[in-house]
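A quick write-up on the structure given underneath.
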Amino acid sequence: MVFKGLFQTRRKVANNIVVDTAGLDMNNIPEHIAIIMDGNGRWAKAQGKVRTFGHQQGAETLKTIVKAADKLGVKVISAYAFSTENWKRPVTEVNFIMELLSRYLTNEIQEFNDNNVQVRFIGSREGLPEVVKQKMDHAIEETKDNTGIILNLAINYGGQAEILHAVQGIAREVAEGRLDVAKIDNQVVEDHLYTAGLPAPDLLIRPGGDLRISNFLLWQIAYAEIWTTKTYWPDFTPDHLVDAILAYQGRERRFGGLVEK
Ligand code: IPE
Ligand code: IPE
Ligand code: MG
């Protein structure tokens, strides 16, 4: 092509999602990105709307970001949608989020399939409304053969609950004589986490301005690079995602070792 190379900015377009990849090293894209989708309520309040309006907009943002991440070559997005501690919120807000999840999982199946997105879930099913559990099963079943990006949705998820669940599973196997205590290593623990089989996140993104983990993927983020922004999740765009990946690419990941210079 005559004009190839004249443009400094490369753009990747998918379903009207434009991702400006300028400056990105496409050979060093994080394989797994974890996102704490925070700031929905404050985003809504800031414009005089009810908090639930923010959750609705946040669900839209997730659709866009999954497509953008896929275009960039990310293999897994783990998105924190509802924590084990979020049950403390007013029942009206909790109910709204449960209905939103159920609607999202119904309406988006076609879109997931069109985009080759495989949906998975992490978290405890205990306490979730029956309809949400049904929609989760349906989404898993309908998208299980998709080979593109994995959207790993954290619903009724807590990192501590996940570790407890793993410990109980391991202890049960030991008690039943199926596992030798001396054989319990990192791999055994990882095999008992909800994320079994997935790589650990390379990059953890938290919008909304708070600098904490809020019980997300406690074991798995041991060496994740962290990137935060004050931008609330509903305002998060593919450009923020690219900024986060650019920052990630500027980091030196040492994993406790030394990098030869
Ligand atoms: C994140 O947004 C979504 C959930 C926790 C369900 P928030 O609802 O926490 O929004 P802020 O942080 O109060 O603004
Ligand atoms: C973390 O956000 C959970 C989700 C985004 C689903 P929270 O709003 O619940 O976290 P805290 O309470 O500010 O730590
Ligand atoms: Mg919050």
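FYI, nothing fancy with the structure tokens labels: chains A, B, ... in order, residues from 1 per chain, ligands from 1 as they appear.
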
- Residues at most 10 Å from ligand 2, using only C-alpha atoms and all ligand atoms? Could they come as an MDAnalysis selection string? chainID A and resid 35:42 79:89 153:158 206:216 233

Written file, previous selection with N, CA and C atoms, as a CSV table (one decimal), in the first residue's frame:
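Dumped to selection-v6.csv:
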chain,number,residue,atom,x,y,z
A,35,ILE,N,-9.7,-6.1,36.3
A,35,ILE,CA,-10.3,-4.7,36.5
A,35,ILE,C,-11.2,-4.7,37.7
A,36,ILE,N,-10.9,-3.7,38.6
A,36,ILE,CA,-11.9,-3.5,39.7
A,36,ILE,C,-12.8,-2.3,39.1
A,37,MET,N,-14.0,-2.7,38.7
A,37,MET,CA,-14.8,-1.7,38.0
A,37,MET,C,-15.5,-0.8,39.0
A,38,ASP,N,-14.7,0.2,39.5
A,38,ASP,CA,-15.2,1.0,40.6
A,38,ASP,C,-15.6,2.5,40.2
A,39,GLY,N,-16.5,3.1,41.0
A,39,GLY,CA,-16.8,4.5,40.8
A,39,GLY,C,-18.2,4.7,40.1
A,40,ASN,N,-18.9,3.6,39.9
A,40,ASN,CA,-20.2,3.8,39.2
A,40,ASN,C,-21.2,4.7,40.0
A,41,GLY,N,-21.2,4.5,41.3
A,41,GLY,CA,-22.1,5.3,42.1
A,41,GLY,C,-21.8,6.8,42.1
A,42,ARG,N,-20.5,7.1,42.3
A,42,ARG,CA,-20.0,8.5,42.4
A,42,ARG,C,-20.2,9.1,41.0
A,79,ALA,N,-13.2,-9.2,35.5
A,79,ALA,CA,-13.9,-8.0,35.8
A,79,ALA,C,-14.7,-8.2,37.1
A,80,TYR,N,-14.4,-7.3,38.1
A,80,TYR,CA,-15.0,-7.4,39.4
A,80,TYR,C,-16.4,-6.7,39.4
A,81,ALA,N,-17.4,-7.5,39.4
A,81,ALA,CA,-18.8,-6.9,39.2
A,81,ALA,C,-19.5,-6.8,40.5
A,82,PHE,N,-19.3,-7.8,41.4
A,82,PHE,CA,-20.0,-7.8,42.7
A,82,PHE,C,-19.2,-8.6,43.7
A,83,SER,N,-18.9,-7.9,44.9
A,83,SER,CA,-18.0,-8.6,45.8
A,83,SER,C,-18.8,-9.2,46.9
A,84,THR,N,-18.2,-10.1,47.7
A,84,THR,CA,-18.9,-10.8,48.8
A,84,THR,C,-19.2,-9.7,49.9
A,85,GLU,N,-18.6,-8.6,49.8
A,85,GLU,CA,-18.9,-7.5,50.8
A,85,GLU,C,-20.0,-6.5,50.3
A,86,ASN,N,-20.3,-6.6,49.0
A,86,ASN,CA,-21.3,-5.7,48.4
A,86,ASN,C,-22.7,-6.0,48.9
A,87,TRP,N,-22.9,-7.1,49.5
A,87,TRP,CA,-24.3,-7.5,50.1
A,87,TRP,C,-24.6,-6.5,51.2
A,88,LYS,N,-23.6,-5.8,51.8
A,88,LYS,CA,-23.9,-4.8,52.8
A,88,LYS,C,-24.7,-3.6,52.3
A,89,ARG,N,-24.8,-3.4,51.0
A,89,ARG,CA,-25.4,-2.2,50.5
A,89,ARG,C,-26.9,-2.3,50.6
A,153,LEU,N,-16.1,-13.0,34.8
A,153,LEU,CA,-16.8,-12.1,35.6
A,153,LEU,C,-16.8,-12.5,37.0
A,154,ALA,N,-16.4,-11.6,37.9
A,154,ALA,CA,-16.4,-11.9,39.4
A,154,ALA,C,-17.7,-11.5,40.0
A,155,ILE,N,-18.5,-12.4,40.3
A,155,ILE,CA,-19.8,-12.2,40.9
A,155,ILE,C,-19.9,-12.9,42.3
A,156,ASN,N,-20.3,-12.2,43.3
A,156,ASN,CA,-20.2,-12.7,44.7
A,156,ASN,C,-18.9,-13.3,44.9
A,157,TYR,N,-17.9,-12.5,44.5
A,157,TYR,CA,-16.5,-12.9,44.6
A,157,TYR,C,-15.8,-12.2,45.8
A,158,GLY,N,-15.0,-12.9,46.5
A,158,GLY,CA,-14.1,-12.3,47.5
A,158,GLY,C,-12.8,-13.2,47.5
A,206,ARG,N,-7.5,-0.2,38.5
A,206,ARG,CA,-8.6,0.2,39.3
A,206,ARG,C,-8.9,1.7,39.0
A,207,PRO,N,-10.1,1.9,38.3
A,207,PRO,CA,-10.6,3.2,38.2
A,207,PRO,C,-11.2,3.7,39.5
A,208,GLY,N,-11.6,5.0,39.5
A,208,GLY,CA,-12.4,5.5,40.7
A,208,GLY,C,-11.6,6.1,41.7
A,209,GLY,N,-10.3,6.0,41.6
A,209,GLY,CA,-9.4,6.8,42.5
A,209,GLY,C,-9.0,6.2,43.8
A,210,ASP,N,-9.6,5.1,44.2
A,210,ASP,CA,-9.2,4.5,45.5
A,210,ASP,C,-8.0,3.5,45.3
A,211,LEU,N,-7.1,3.6,46.2
A,211,LEU,CA,-5.8,2.8,46.1
A,211,LEU,C,-5.9,1.6,47.0
A,212,ARG,N,-6.8,0.7,46.7
A,212,ARG,CA,-6.8,-0.6,47.4
A,212,ARG,C,-7.3,-1.7,46.6
A,213,ILE,N,-7.2,-2.9,47.1
A,213,ILE,CA,-7.5,-4.1,46.4
A,213,ILE,C,-8.9,-4.6,46.6
A,214,SER,N,-9.5,-4.2,47.7
A,214,SER,CA,-10.9,-4.5,48.0
A,214,SER,C,-11.2,-6.0,47.8
A,215,ASN,N,-10.3,-6.9,48.2
A,215,ASN,CA,-10.5,-8.3,48.3
A,215,ASN,C,-10.6,-9.0,46.9
A,216,PHE,N,-9.9,-8.4,45.9
A,216,PHE,CA,-9.9,-9.0,44.6
A,216,PHE,C,-8.7,-9.8,44.3
A,233,TRP,N,-15.4,4.4,36.5
A,233,TRP,CA,-15.5,3.3,35.5
A,233,TRP,C,-16.5,3.6,34.4

Can you tell me, as a compact mmCIF listing (two decimals) with N, CA and C atoms, in the first residue's frame, what residues are no more than 9 Å from A:Leu24 when counting only C-alpha atoms, ignoring any on the same chain fewer than 4 positions away?
# COMPACT_ATOMS: atom_id res chain seq x y z
N ASN A 28 4.16 -7.11 23.51
CA ASN A 28 4.22 -7.15 24.98
C ASN A 28 2.89 -6.71 25.58
N ILE A 29 1.84 -7.32 25.09
CA ILE A 29 0.49 -7.02 25.60
C ILE A 29 0.23 -7.94 26.80
N VAL A 242 -5.41 1.66 26.86
CA VAL A 242 -4.12 1.78 26.17
C VAL A 242 -3.11 2.48 27.10
N ILE A 245 -1.86 -0.02 29.54
CA ILE A 245 -0.93 -0.99 28.94
C ILE A 245 0.42 -0.33 28.62
N LEU A 246 0.36 0.94 28.20
CA LEU A 246 1.61 1.68 27.96
C LEU A 246 2.43 1.76 29.25
N GLN A 249 3.95 -1.51 30.01
CA GLN A 249 5.10 -1.82 29.16
C GLN A 249 6.36 -1.05 29.58

- Query: Please, what distance in Å, to one decimal, runs between atom CA of A:Leu128 and atom CA of A:Pro234?
  - Reply: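 These atoms are spaced 24.5 Å apart.
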
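Across A:Val50, A:Ile170, A:Val181, A:Val74, the tightest approach to A:Leu241 is made by A:Val74 when counting only C-alpha atoms.
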